[in-house]
Each structure stands twice: as C-alpha cells, then as structure tokens.
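*Asks:* This is the content of target.csv (CSV, C-alpha atoms):
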```
chain,number,residue,atom,x,y,z
A,1,MET,CA,-23.5,41.2,123.8
A,2,ASN,CA,-24.9,41.1,127.3
A,3,ALA,CA,-22.0,39.5,129.3
A,4,GLY,CA,-24.3,37.7,131.8
A,5,PHE,CA,-26.4,36.2,129.1
A,6,GLU,CA,-23.4,35.2,127.0
A,7,LYS,CA,-21.8,33.6,130.0
A,8,ARG,CA,-25.0,31.6,130.7
A,9,LEU,CA,-25.1,30.3,127.1
A,10,ILE,CA,-21.5,29.2,127.3
A,11,VAL,CA,-22.1,27.4,130.6
A,12,VAL,CA,-25.2,25.7,129.2
A,13,TRP,CA,-23.2,24.6,126.1
A,14,LEU,CA,-20.4,23.3,128.3
A,15,ALA,CA,-22.9,21.3,130.4
A,16,LEU,CA,-24.6,19.8,127.3
A,17,SER,CA,-21.2,18.9,125.7
A,18,THR,CA,-20.0,17.3,129.0
A,19,ILE,CA,-23.1,15.2,129.3
A,20,THR,CA,-22.7,14.1,125.7
A,21,ILE,CA,-19.1,13.0,126.3
A,22,VAL,CA,-20.4,11.2,129.4
A,23,GLN,CA,-22.8,9.3,127.1
A,24,LEU,CA,-19.7,8.0,125.3
A,25,GLY,CA,-18.8,6.2,128.5
A,26,VAL,CA,-22.4,5.1,129.2
A,27,GLY,CA,-22.6,3.6,125.7
A,28,SER,CA,-19.5,1.5,126.2
A,29,ILE,CA,-19.7,0.9,129.9
A,30,ASP,CA,-20.1,-2.9,129.5
A,31,GLY,CA,-17.5,-3.1,126.6
A,32,ARG,CA,-18.1,-2.1,123.0
A,33,ALA,CA,-18.5,-5.8,122.0
A,34,ALA,CA,-21.2,-6.6,124.6
A,35,LEU,CA,-24.2,-8.1,122.9
A,36,ALA,CA,-26.6,-8.5,125.8
A,37,ARG,CA,-29.6,-6.3,126.3
A,38,ASN,CA,-28.9,-3.8,129.0
A,39,SER,CA,-31.9,-2.0,130.5
A,40,ALA,CA,-29.8,0.2,132.7
A,41,ILE,CA,-27.9,1.6,129.7
A,42,THR,CA,-31.1,2.1,127.8
A,43,ALA,CA,-33.0,3.8,130.7
A,44,SER,CA,-30.0,6.1,131.4
A,45,ALA,CA,-29.5,6.9,127.7
A,46,ILE,CA,-33.2,7.9,127.4
A,47,LEU,CA,-33.2,9.9,130.6
A,48,ILE,CA,-29.9,11.7,129.9
A,49,ALA,CA,-31.1,12.6,126.4
A,50,LEU,CA,-34.4,14.0,127.8
A,51,ILE,CA,-32.5,16.1,130.4
A,52,LYS,CA,-30.4,17.5,127.6
A,53,VAL,CA,-33.5,18.2,125.5
A,54,ARG,CA,-35.1,20.0,128.4
A,55,ILE,CA,-32.0,22.1,128.9
A,56,ILE,CA,-32.0,23.1,125.2
A,57,ILE,CA,-35.7,24.0,125.3
A,58,ARG,CA,-35.4,26.0,128.6
A,59,GLU,CA,-32.1,27.8,127.9
A,60,PHE,CA,-31.3,27.9,124.1
A,61,MET,CA,-35.0,28.2,123.1
A,62,GLU,CA,-35.6,30.6,126.0
A,63,VAL,CA,-38.7,28.9,127.2
A,64,ARG,CA,-37.7,29.8,130.8
A,65,HIS,CA,-38.7,33.4,129.8
A,66,ALA,CA,-41.8,32.3,128.0
A,67,PRO,CA,-45.4,32.2,129.3
A,68,VAL,CA,-45.9,29.4,131.8
A,69,LEU,CA,-48.3,27.6,129.4
A,70,LEU,CA,-45.4,27.1,126.8
A,71,GLY,CA,-43.2,25.7,129.6
A,72,ARG,CA,-45.8,23.3,130.7
A,73,LEU,CA,-46.6,22.1,127.2
A,74,THR,CA,-42.9,21.4,126.4
A,75,ASP,CA,-42.4,19.7,129.8
A,76,LEU,CA,-45.5,17.6,129.1
A,77,TRP,CA,-43.9,16.5,125.8
A,78,VAL,CA,-40.6,15.6,127.6
A,79,VAL,CA,-42.4,13.6,130.3
A,80,LEU,CA,-44.7,11.9,127.8
A,81,THR,CA,-41.8,11.0,125.5
A,82,GLY,CA,-39.9,9.5,128.5
A,83,ALA,CA,-42.9,7.5,129.5
A,84,VAL,CA,-43.7,6.1,126.1
A,85,LEU,CA,-40.1,5.3,125.3
A,86,LEU,CA,-39.5,3.4,128.5
A,87,GLY,CA,-43.0,1.9,128.2
A,88,GLY,CA,-42.3,0.8,124.6
A,89,TYR,CA,-39.0,-0.8,125.7
A,90,LEU,CA,-40.7,-2.7,128.5
A,91,ALA,CA,-43.6,-3.7,126.2
A,92,GLY,CA,-41.2,-4.9,123.5
A,93,THR,CA,-39.2,-6.9,126.1
A,94,ALA,CA,-42.4,-8.5,127.4
A,95,PHE,CA,-43.5,-9.6,123.9
A,96,PRO,CA,-40.3,-10.8,122.1
A,97,LYS,CA,-40.6,-11.7,118.4
A,98,GLY,CA,-40.6,-15.4,117.6
B,99,MET,CA,-43.9,42.7,111.3
B,100,THR,CA,-42.0,44.0,114.2
B,101,SER,CA,-38.7,45.8,113.5
B,102,ILE,CA,-35.8,44.9,115.7
B,103,ALA,CA,-35.4,48.5,116.7
B,104,SER,CA,-38.9,48.7,118.0
B,105,THR,CA,-39.0,45.4,119.6
B,106,ARG,CA,-39.6,45.6,123.4
B,107,SER,CA,-36.6,45.2,125.6
B,108,ARG,CA,-35.9,41.7,126.6
B,109,ALA,CA,-33.4,42.0,129.4
B,110,HIS,CA,-32.6,38.5,130.4
B,111,GLY,CA,-31.7,37.8,133.9
B,112,SER,CA,-33.2,41.0,135.3
B,113,PRO,CA,-36.0,40.7,137.8
B,114,GLU,CA,-38.3,42.8,135.7
B,115,THR,CA,-38.0,40.5,132.7
B,116,GLU,CA,-41.3,40.2,131.0
B,117,ARG,CA,-42.4,36.8,129.8
B,118,PHE,CA,-42.6,36.4,126.0
B,119,VAL,CA,-43.0,33.7,123.4
B,120,PRO,CA,-39.7,33.6,121.4
B,121,GLY,CA,-40.6,34.0,117.7
B,122,GLN,CA,-44.0,33.3,116.2
B,123,PRO,CA,-46.4,31.2,118.2
B,124,ASP,CA,-47.2,29.4,115.0
B,125,MET,CA,-43.7,28.0,114.9
B,126,TRP,CA,-44.1,26.7,118.4
B,127,ALA,CA,-47.3,24.9,117.4
B,128,PHE,CA,-45.3,23.3,114.5
B,129,VAL,CA,-42.4,22.5,116.9
B,130,LEU,CA,-44.8,20.6,119.3
B,131,PHE,CA,-46.4,18.9,116.3
B,132,GLU,CA,-43.1,17.7,115.0
B,133,ALA,CA,-41.9,16.7,118.4
B,134,PHE,CA,-45.0,14.4,118.9
B,135,VAL,CA,-44.5,12.9,115.4
B,136,PHE,CA,-40.9,12.1,116.2
B,137,THR,CA,-41.9,10.6,119.5
B,138,ALA,CA,-44.2,8.3,117.6
B,139,TYR,CA,-41.2,7.2,115.3
B,140,PHE,CA,-39.0,6.7,118.3
B,141,THR,CA,-41.6,4.6,120.2
B,142,VAL,CA,-42.0,2.3,117.2
B,143,TYR,CA,-38.2,2.0,117.0
B,144,VAL,CA,-37.8,1.3,120.8
B,145,PHE,CA,-40.6,-1.3,120.8
B,146,SER,CA,-39.2,-3.1,117.7
B,147,ARG,CA,-35.8,-3.1,119.2
B,148,ALA,CA,-36.8,-4.5,122.5
B,149,ARG,CA,-38.6,-7.4,120.7
B,150,THR,CA,-35.4,-8.4,118.8
B,151,PRO,CA,-32.5,-7.0,120.8
B,152,ASP,CA,-29.9,-9.3,119.3
B,153,VAL,CA,-30.4,-8.3,115.7
B,154,PHE,CA,-30.5,-4.6,116.6
B,155,ARG,CA,-27.4,-4.8,118.8
B,156,GLN,CA,-25.3,-6.7,116.3
B,157,SER,CA,-26.1,-4.1,113.6
B,158,GLN,CA,-25.7,-1.2,116.1
B,159,MET,CA,-22.1,-2.4,116.7
B,160,HIS,CA,-21.2,-1.3,113.1
B,161,LEU,CA,-21.9,2.3,114.0
B,162,ASP,CA,-19.1,4.3,115.6
B,163,LEU,CA,-20.4,5.8,118.9
B,164,ARG,CA,-17.6,8.4,118.7
B,165,VAL,CA,-19.0,9.7,115.3
B,166,GLY,CA,-22.4,10.0,117.0
B,167,VAL,CA,-20.8,12.0,119.9
B,168,VAL,CA,-18.9,14.3,117.5
B,169,ASN,CA,-22.1,14.9,115.4
B,170,THR,CA,-24.0,15.8,118.6
B,171,LEU,CA,-21.3,18.2,119.7
B,172,LEU,CA,-21.4,19.8,116.2
B,173,LEU,CA,-25.2,20.4,116.5
B,174,LEU,CA,-25.0,21.6,120.1
B,175,THR,CA,-22.3,24.1,119.0
B,176,SER,CA,-24.5,25.3,116.1
B,177,SER,CA,-27.3,25.8,118.6
B,178,LEU,CA,-25.1,27.9,120.8
B,179,PHE,CA,-24.2,30.2,117.9
B,180,VAL,CA,-27.9,30.6,116.8
B,181,ALA,CA,-28.8,31.5,120.4
B,182,ARG,CA,-26.0,34.1,120.3
B,183,CYS,CA,-27.3,35.3,117.0
B,184,VAL,CA,-30.8,35.9,118.5
B,185,GLN,CA,-29.3,37.8,121.5
B,186,ALA,CA,-27.0,39.9,119.4
B,187,ALA,CA,-29.9,40.9,117.1
B,188,ARG,CA,-32.0,41.8,120.1
B,189,GLU,CA,-29.2,44.2,121.2
B,190,GLY,CA,-29.0,45.7,117.8
B,191,SER,CA,-25.5,44.2,117.1
B,192,TYR,CA,-26.5,43.1,113.6
B,193,ARG,CA,-23.0,42.4,112.4
B,194,ALA,CA,-22.3,40.1,115.3
B,195,ALA,CA,-25.7,38.5,114.8
B,196,THR,CA,-24.9,37.8,111.1
B,197,THR,CA,-21.5,36.3,112.0
B,198,ASN,CA,-23.2,34.0,114.5
B,199,ALA,CA,-25.8,32.9,112.0
B,200,PHE,CA,-22.9,32.0,109.5
B,201,LEU,CA,-21.1,30.1,112.3
B,202,THR,CA,-24.4,28.2,112.9
B,203,MET,CA,-24.4,27.3,109.1
B,204,LEU,CA,-20.7,26.3,109.3
B,205,PHE,CA,-21.3,23.8,112.1
B,206,GLY,CA,-24.5,22.6,110.5
B,207,SER,CA,-22.6,22.0,107.2
B,208,VAL,CA,-19.9,20.0,109.0
B,209,PHE,CA,-22.6,17.9,110.5
B,210,LEU,CA,-24.1,17.3,107.1
B,211,VAL,CA,-20.8,16.3,105.6
B,212,SER,CA,-20.1,14.0,108.6
B,213,LYS,CA,-23.5,12.4,108.2
B,214,VAL,CA,-23.1,11.8,104.5
B,215,ARG,CA,-19.6,10.4,105.1
B,216,GLU,CA,-21.0,8.0,107.8
B,217,TRP,CA,-23.8,6.8,105.4
B,218,ALA,CA,-21.2,6.3,102.6
B,219,MET,CA,-19.1,4.2,105.0
B,220,GLU,CA,-22.0,2.1,106.1
B,221,ILE,CA,-23.2,1.5,102.5
B,222,GLY,CA,-19.6,0.7,101.5
B,223,GLN,CA,-19.6,-2.0,104.1
B,224,GLY,CA,-22.8,-3.4,102.7
B,225,PHE,CA,-25.2,-2.0,105.3
B,226,THR,CA,-28.1,-0.5,103.4
B,227,PHE,CA,-31.8,0.3,104.1
B,228,THR,CA,-32.9,-3.2,103.5
B,229,THR,CA,-30.1,-5.0,105.4
B,230,ASP,CA,-32.2,-5.5,108.6
B,231,GLU,CA,-34.7,-3.7,110.9
B,232,PHE,CA,-32.0,-1.7,112.7
B,233,PHE,CA,-30.5,-0.3,109.5
B,234,SER,CA,-34.0,0.5,108.1
B,235,PHE,CA,-34.7,2.6,111.3
B,236,TYR,CA,-31.2,4.1,111.1
B,237,TYR,CA,-31.5,5.3,107.6
B,238,PHE,CA,-35.1,6.4,108.1
B,239,LEU,CA,-34.5,8.4,111.3
B,240,THR,CA,-31.2,10.0,110.1
B,241,ALA,CA,-32.6,10.8,106.7
B,242,ILE,CA,-35.7,12.5,107.9
B,243,HIS,CA,-33.6,14.4,110.4
B,244,PHE,CA,-31.2,15.3,107.5
B,245,ILE,CA,-34.2,16.7,105.5
B,246,HIS,CA,-35.2,18.8,108.5
B,247,LEU,CA,-31.7,20.1,108.7
B,248,LEU,CA,-31.7,21.2,105.1
B,249,ILE,CA,-34.9,23.1,105.8
B,250,GLY,CA,-33.1,24.6,108.7
B,251,PHE,CA,-30.5,26.1,106.3
B,252,VAL,CA,-33.4,27.8,104.5
B,253,ALA,CA,-34.6,29.2,107.8
B,254,LEU,CA,-31.0,30.5,108.6
B,255,ALA,CA,-30.8,32.1,105.1
B,256,VAL,CA,-34.1,33.9,105.9
B,257,ALA,CA,-32.6,35.1,109.2
B,258,VAL,CA,-29.4,36.3,107.5
B,259,ARG,CA,-31.5,38.2,104.9
B,260,GLN,CA,-33.4,39.8,107.8
B,261,LEU,CA,-30.3,40.8,109.6
B,262,THR,CA,-28.5,42.2,106.6
B,263,SER,CA,-31.3,44.3,105.3
B,264,PRO,CA,-32.2,47.3,107.5
B,265,ALA,CA,-35.6,47.7,105.8
B,266,ARG,CA,-36.5,44.1,106.5
B,267,ARG,CA,-35.2,43.4,110.0
B,268,SER,CA,-37.6,41.5,112.2
B,269,GLN,CA,-36.6,40.2,115.6
B,270,VAL,CA,-39.6,37.9,115.6
B,271,ILE,CA,-38.6,36.3,112.3
B,272,VAL,CA,-35.0,35.8,113.6
B,273,GLU,CA,-36.3,34.1,116.7
B,274,THR,CA,-38.7,32.0,114.7
B,275,CYS,CA,-35.8,30.7,112.5
B,276,ALA,CA,-33.7,30.0,115.6
B,277,THR,CA,-36.5,28.1,117.3
B,278,TYR,CA,-36.7,25.8,114.2
B,279,TRP,CA,-32.9,25.3,114.3
B,280,HIS,CA,-32.9,24.4,118.0
B,281,THR,CA,-35.7,21.8,117.3
B,282,ILE,CA,-33.5,20.0,114.8
B,283,ASP,CA,-30.8,20.0,117.5
B,284,PHE,CA,-32.9,18.5,120.3
B,285,LEU,CA,-34.4,15.9,117.9
B,286,TRP,CA,-30.9,14.8,117.1
B,287,VAL,CA,-30.0,14.5,120.8
B,288,LEU,CA,-32.8,11.9,121.0
B,289,ILE,CA,-31.8,10.1,117.8
B,290,PHE,CA,-28.2,9.9,119.0
B,291,ALA,CA,-29.3,8.3,122.3
B,292,LEU,CA,-31.6,5.8,120.6
B,293,LEU,CA,-29.4,4.7,117.7
B,294,TYR,CA,-26.0,4.9,119.2
B,295,VAL,CA,-26.3,4.5,122.9
B,296,MET,CA,-29.3,2.4,124.0
B,297,ARG,CA,-29.1,-1.4,124.3
```
Show me, as structure tokens, the structure contained in the file I just sent.

*Replies:*
Amino acid sequence: MNAGFEKRLIVVWLALSTITIVQLGVGSIDGRAALARNSAITASAILIALIKVRIIIREFMEVRHAPVLLGRLTDLWVVLTGAVLLGGYLAGTAFPKG
Amino acid sequence: MTSIASTRSRAHGSPETERFVPGQPDMWAFVLFEAFVFTAYFTVYVFSRARTPDVFRQSQMHLDLRVGVVNTLLLLTSSLFVARCVQAAREGSYRAATTNAFLTMLFGSVFLVSKVREWAMEIGQGFTFTTDEFFSFYYFLTAIHFIHLLIGFVALAVAVRQLTSPARRSQVIVETCATYWHTIDFLWVLIFALLYVMR
C-alpha cells in the first residue's frame, strides 16, 4: 500500500480516537453525578462531534480529492447540522415544558 | 462497470492528483439524504431534551459513557480498515483489500455485540422504550443506526465478492460500499455525542 497514504490514514485515525477519548473527559468534566443542564458541555460535544464528522468525510471518504461541489455540499450539511442542533437546544431551553 | 485494472490512477498526495467522486454519485445522493434525515431526528431530540433537561439527564446517567467511547473507537477503527481496503484495491492488492474488508466486518461485529449487550443491560435494569422520553430516543436512534449497520454488512459482503472474483472486480463498487460504511460511522459519532455526552 502507498506508504504516504497509509501513514495519513493512521494519523487521521489516531486523531479521531484521541478526540473521542477527550470526549470522555468532556462528558464527565462536572462529575458523573451532576444533574444540572450544562450548555458548555452540550455546545462542545456538538462541535467536537461535527469536527470529527468532517474529518471522516474529508479523509476517510476522500472528499478532499472530490470535485469542489461535493466538498461544499458536505460542508453545508455539517454547518447546517451544527446550526439546527445548537438552535434546537436554545429553542428548547427558551420554551421549557410545563 | 469499471474494472479495477482499468480504473484511472488515483495517486493520492501527488500534485497531479485528479479530482474524482469516490464510488457512485448515486450513493452520495443517498448519503446526503440520509444525513439530512438523521439531522431531523437529532434536532427533535435536542429540542425535546432542552425542554425537560432533568428527565433526560437522570436517565442518561444510567448509560455508561465509557461504553459509548469504546463503541465509537470500534466504528472508527472499522472505518480505518475500509479506507485501507479501498486504497489496497486501487493499487491492485486484492488480497490485502479483502483482509481489510474482513477486519472492517470484525470491528463492526464487535460493535453489534457490544450494542446488543448494552441494550440487554438497560432492559435488565428496567429501562425500556416506554420508560421515558430519553429512553424512547435512545432506543429509536441506536436501533435505526443498528439497522443501517446491518445493511452495511451487506455492502461489505458485496465488496468482498467484487474483490475475490477477478471477473467481477469493480473499484467503483468497492468505493461505493466503503462510502456507505463511513456514513454509518459518522452518524454514530453524532449519536454518541448527543446520547452520551451532551447535557
């Protein structure tokens, strides 16, 4: 296998795995038993996840070698997903049930 | 259908690299469609959660974050192997490509077993689909992802069949199957963040 390409795949996998393990810390940063809503944890969880998703799309799915249109479409989805998830969280917070 | 041997060279990292759509464009249309459908599911979940954060958090505490991390690492590793499979096939190393496809299946299978084990543990503790809103979303999102993963195994079987049969080999089909598998991976990355990490 092309040594340069294989090395790049391994580096990408290591980066994604490291970020995932960091999420273990993010998810329990205020203690596993904390009940309170935590907007900082939520926002960072969503942003970190979307960064990972974009890395998977660009590197593993080879979109960085694809026509620009495909890169823009996938980036549009990533940005839109981030916006509606954070917007949904804010909207839900503004209109609590009961 | 394009045979692997006749596929144009795709020399990654070289300045003369030509741009190409990995796999069939139809699969990318499907991937984008699926991605938007899952975004809709996720948005409903996040909105509902933010409206009743206490109920969701109390139930979320019954999930083991470490299991979520391990499951994510399993799928990321499976994605690494399917990416290696595509590259090996592109270079004509069909034996290596097949081995990598089987390794992808192996890590995918361990994920499936781990997920079923987690469901069994939750159900054993009395947390079922109807327990509360959090568990309804938990079972819905993980189950629909599970079904996508099962279809991913069919895609991998197709890729293996392509790789092991010289008369049938098609780089485009192998890339198409890999694209589907990676989609299952990145959807899980979001499910993990929303079910296990967010507050």

*Asks:* Select, as a JSON list (two decimals) with C-alpha atoms, in the frame of the given file, those residues of chain A with any atom no more than 7 Å from chain B (distances computed using all atoms listed in the file).

*Replies:*
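Output saved as part-v6.json:
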```json
[["chain", "number", "residue", "atom", "x", "y", "z"],
["A", 1, "MET", "CA", -23.50, 41.20, 123.80],
["A", 5, "PHE", "CA", -26.40, 36.20, 129.10],
["A", 9, "LEU", "CA", -25.10, 30.30, 127.10],
["A", 13, "TRP", "CA", -23.20, 24.60, 126.10],
["A", 17, "SER", "CA", -21.20, 18.90, 125.70],
["A", 20, "THR", "CA", -22.70, 14.10, 125.70],
["A", 21, "ILE", "CA", -19.10, 13.00, 126.30],
["A", 24, "LEU", "CA", -19.70, 8.00, 125.30],
["A", 27, "GLY", "CA", -22.60, 3.60, 125.70],
["A", 35, "LEU", "CA", -24.20, -8.10, 122.90],
["A", 37, "ARG", "CA", -29.60, -6.30, 126.30],
["A", 38, "ASN", "CA", -28.90, -3.80, 129.00],
["A", 39, "SER", "CA", -31.90, -2.00, 130.50],
["A", 41, "ILE", "CA", -27.90, 1.60, 129.70],
["A", 42, "THR", "CA", -31.10, 2.10, 127.80],
["A", 45, "ALA", "CA", -29.50, 6.90, 127.70],
["A", 46, "ILE", "CA", -33.20, 7.90, 127.40],
["A", 49, "ALA", "CA", -31.10, 12.60, 126.40],
["A", 53, "VAL", "CA", -33.50, 18.20, 125.50],
["A", 56, "ILE", "CA", -32.00, 23.10, 125.20],
["A", 60, "PHE", "CA", -31.30, 27.90, 124.10],
["A", 61, "MET", "CA", -35.00, 28.20, 123.10],
["A", 62, "GLU", "CA", -35.60, 30.60, 126.00],
["A", 65, "HIS", "CA", -38.70, 33.40, 129.80],
["A", 66, "ALA", "CA", -41.80, 32.30, 128.00],
["A", 67, "PRO", "CA", -45.40, 32.20, 129.30],
["A", 81, "THR", "CA", -41.80, 11.00, 125.50],
["A", 84, "VAL", "CA", -43.70, 6.10, 126.10],
["A", 85, "LEU", "CA", -40.10, 5.30, 125.30],
["A", 88, "GLY", "CA", -42.30, 0.80, 124.60],
["A", 89, "TYR", "CA", -39.00, -0.80, 125.70],
["A", 91, "ALA", "CA", -43.60, -3.70, 126.20],
["A", 92, "GLY", "CA", -41.20, -4.90, 123.50],
["A", 93, "THR", "CA", -39.20, -6.90, 126.10],
["A", 95, "PHE", "CA", -43.50, -9.60, 123.90],
["A", 96, "PRO", "CA", -40.30, -10.80, 122.10],
["A", 97, "LYS", "CA", -40.60, -11.70, 118.40]]
```

*Asks:* Could you jot down the CA of Ile242 in chain B to CA of Leu254 in chain B separation for me, Å, one decimal place?

*Replies:*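 Spanning CA of Ile242 in chain B to CA of Leu254 in chain B is a straight-line distance of 18.6 Å.
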
*Asks:* How many Å lie between CA of Val63 in chain A and CA of Asn198 in chain B, rounded to one decimal?

*Replies:*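 Distance between the two atoms: 20.7 Å.
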
*Asks:* Take CA of Pro264 in chain B and CA of Lys7 in chain A and report the distance between them in Å, one decimal.

*Replies:* 28.3 Å

*Asks:* For Leu90 in chain A, which residue out of A:Ile19, A:Val78, A:Ala43, A:Val68 is the nearest one, using all atoms listed in the file?

*Replies:*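 Checking each of A:Ile19, A:Val78, A:Ala43, A:Val68 against Leu90 in chain A, counting all atoms listed in the file, the winner is A:Ala43.
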
*Asks:* Could you tell me which of B:Val214, B:His243, B:Val258, B:Glu132 comes closest to Trp77 in chain A if we count all atoms listed in the file?

*Replies:*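 Result for the nearest residue to Trp77 in chain A: B:Glu132.
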
*Asks:* Could you list, as JSON, numbers by chain, every residue within 12 Å of Gln260 in chain B, counting all atoms listed in the file and ignoring same-chain residues fewer than 2 positions away?

*Replies:* {"B": [99, 100, 101, 102, 183, 184, 187, 192, 193, 195, 196, 199, 253, 254, 255, 256, 257, 258, 262, 263, 264, 265, 266, 267, 268, 269, 270, 271, 272, 273, 274, 275]}

*Asks:* Give the padded box for range 5-16 of chain A as AutoDock Vina command-line options: axis-aligned, covering all atoms listed in the file, 4 Å on each side, centre and edge lengths in Å to one decimal.

*Replies:*
```
--center_x -23.4 --center_y 28.0 --center_z 128.4 --size_x 14.0 --size_y 24.4 --size_z 12.6
```

*Asks:* Generate the coordinates of N, CA and C atoms for range 42-64 of chain A; report them as a PDB file, in the frame of the given file.

*Replies:*
```
ATOM      1  N   THR A  42     -30.004   1.502 128.593  1.00  0.00           N
ATOM      2  CA  THR A  42     -31.100   2.100 127.800  1.00  0.00           C
ATOM      3  C   THR A  42     -31.860   3.141 128.596  1.00  0.00           C
ATOM      4  N   ALA A  43     -32.211   2.815 129.855  1.00  0.00           N
ATOM      5  CA  ALA A  43     -33.000   3.800 130.700  1.00  0.00           C
ATOM      6  C   ALA A  43     -32.131   5.057 130.879  1.00  0.00           C
ATOM      7  N   SER A  44     -30.833   4.900 131.177  1.00  0.00           N
ATOM      8  CA  SER A  44     -30.000   6.100 131.400  1.00  0.00           C
ATOM      9  C   SER A  44     -29.820   6.888 130.124  1.00  0.00           C
ATOM     10  N   ALA A  45     -29.696   6.170 128.982  1.00  0.00           N
ATOM     11  CA  ALA A  45     -29.500   6.900 127.700  1.00  0.00           C
ATOM     12  C   ALA A  45     -30.758   7.754 127.419  1.00  0.00           C
ATOM     13  N   ILE A  46     -31.945   7.197 127.660  1.00  0.00           N
ATOM     14  CA  ILE A  46     -33.200   7.900 127.400  1.00  0.00           C
ATOM     15  C   ILE A  46     -33.312   9.119 128.374  1.00  0.00           C
ATOM     16  N   LEU A  47     -33.047   8.849 129.642  1.00  0.00           N
ATOM     17  CA  LEU A  47     -33.200   9.900 130.600  1.00  0.00           C
ATOM     18  C   LEU A  47     -32.187  11.046 130.433  1.00  0.00           C
ATOM     19  N   ILE A  48     -30.933  10.666 130.163  1.00  0.00           N
ATOM     20  CA  ILE A  48     -29.900  11.700 129.900  1.00  0.00           C
ATOM     21  C   ILE A  48     -30.284  12.538 128.695  1.00  0.00           C
ATOM     22  N   ALA A  49     -30.750  11.862 127.646  1.00  0.00           N
ATOM     23  CA  ALA A  49     -31.100  12.600 126.400  1.00  0.00           C
ATOM     24  C   ALA A  49     -32.274  13.567 126.720  1.00  0.00           C
ATOM     25  N   LEU A  50     -33.246  13.133 127.503  1.00  0.00           N
ATOM     26  CA  LEU A  50     -34.400  14.000 127.800  1.00  0.00           C
ATOM     27  C   LEU A  50     -33.974  15.190 128.692  1.00  0.00           C
ATOM     28  N   ILE A  51     -33.012  14.954 129.576  1.00  0.00           N
ATOM     29  CA  ILE A  51     -32.500  16.100 130.400  1.00  0.00           C
ATOM     30  C   ILE A  51     -31.834  17.101 129.464  1.00  0.00           C
ATOM     31  N   LYS A  52     -31.031  16.592 128.511  1.00  0.00           N
ATOM     32  CA  LYS A  52     -30.400  17.500 127.600  1.00  0.00           C
ATOM     33  C   LYS A  52     -31.421  18.273 126.733  1.00  0.00           C
ATOM     34  N   VAL A  53     -32.446  17.548 126.286  1.00  0.00           N
ATOM     35  CA  VAL A  53     -33.500  18.200 125.500  1.00  0.00           C
ATOM     36  C   VAL A  53     -34.168  19.296 126.280  1.00  0.00           C
ATOM     37  N   ARG A  54     -34.458  19.011 127.541  1.00  0.00           N
ATOM     38  CA  ARG A  54     -35.100  20.000 128.400  1.00  0.00           C
ATOM     39  C   ARG A  54     -34.233  21.258 128.573  1.00  0.00           C
ATOM     40  N   ILE A  55     -32.932  21.002 128.747  1.00  0.00           N
ATOM     41  CA  ILE A  55     -32.000  22.100 128.900  1.00  0.00           C
ATOM     42  C   ILE A  55     -31.994  22.986 127.633  1.00  0.00           C
ATOM     43  N   ILE A  56     -31.968  22.322 126.462  1.00  0.00           N
ATOM     44  CA  ILE A  56     -32.000  23.100 125.200  1.00  0.00           C
ATOM     45  C   ILE A  56     -33.258  23.900 125.091  1.00  0.00           C
ATOM     46  N   ILE A  57     -34.386  23.284 125.432  1.00  0.00           N
ATOM     47  CA  ILE A  57     -35.700  24.000 125.300  1.00  0.00           C
ATOM     48  C   ILE A  57     -35.727  25.169 126.291  1.00  0.00           C
ATOM     49  N   ARG A  58     -35.321  24.933 127.520  1.00  0.00           N
ATOM     50  CA  ARG A  58     -35.400  26.000 128.600  1.00  0.00           C
ATOM     51  C   ARG A  58     -34.428  27.123 128.295  1.00  0.00           C
ATOM     52  N   GLU A  59     -33.181  26.747 127.949  1.00  0.00           N
ATOM     53  CA  GLU A  59     -32.100  27.800 127.900  1.00  0.00           C
ATOM     54  C   GLU A  59     -31.932  28.317 126.453  1.00  0.00           C
ATOM     55  N   PHE A  60     -31.565  27.453 125.503  1.00  0.00           N
ATOM     56  CA  PHE A  60     -31.300  27.900 124.100  1.00  0.00           C
ATOM     57  C   PHE A  60     -32.577  28.488 123.493  1.00  0.00           C
ATOM     58  N   MET A  61     -33.701  27.793 123.736  1.00  0.00           N
ATOM     59  CA  MET A  61     -35.000  28.200 123.100  1.00  0.00           C
ATOM     60  C   MET A  61     -35.708  29.234 123.946  1.00  0.00           C
ATOM     61  N   GLU A  62     -35.131  29.574 125.104  1.00  0.00           N
ATOM     62  CA  GLU A  62     -35.600  30.600 126.000  1.00  0.00           C
ATOM     63  C   GLU A  62     -37.024  30.396 126.543  1.00  0.00           C
ATOM     64  N   VAL A  63     -37.374  29.146 126.698  1.00  0.00           N
ATOM     65  CA  VAL A  63     -38.700  28.900 127.200  1.00  0.00           C
ATOM     66  C   VAL A  63     -38.791  29.266 128.726  1.00  0.00           C
ATOM     67  N   ARG A  64     -37.640  29.388 129.375  1.00  0.00           N
ATOM     68  CA  ARG A  64     -37.700  29.800 130.800  1.00  0.00           C
ATOM     69  C   ARG A  64     -38.210  31.253 130.903  1.00  0.00           C
TER      70      ARG A  64
END
```
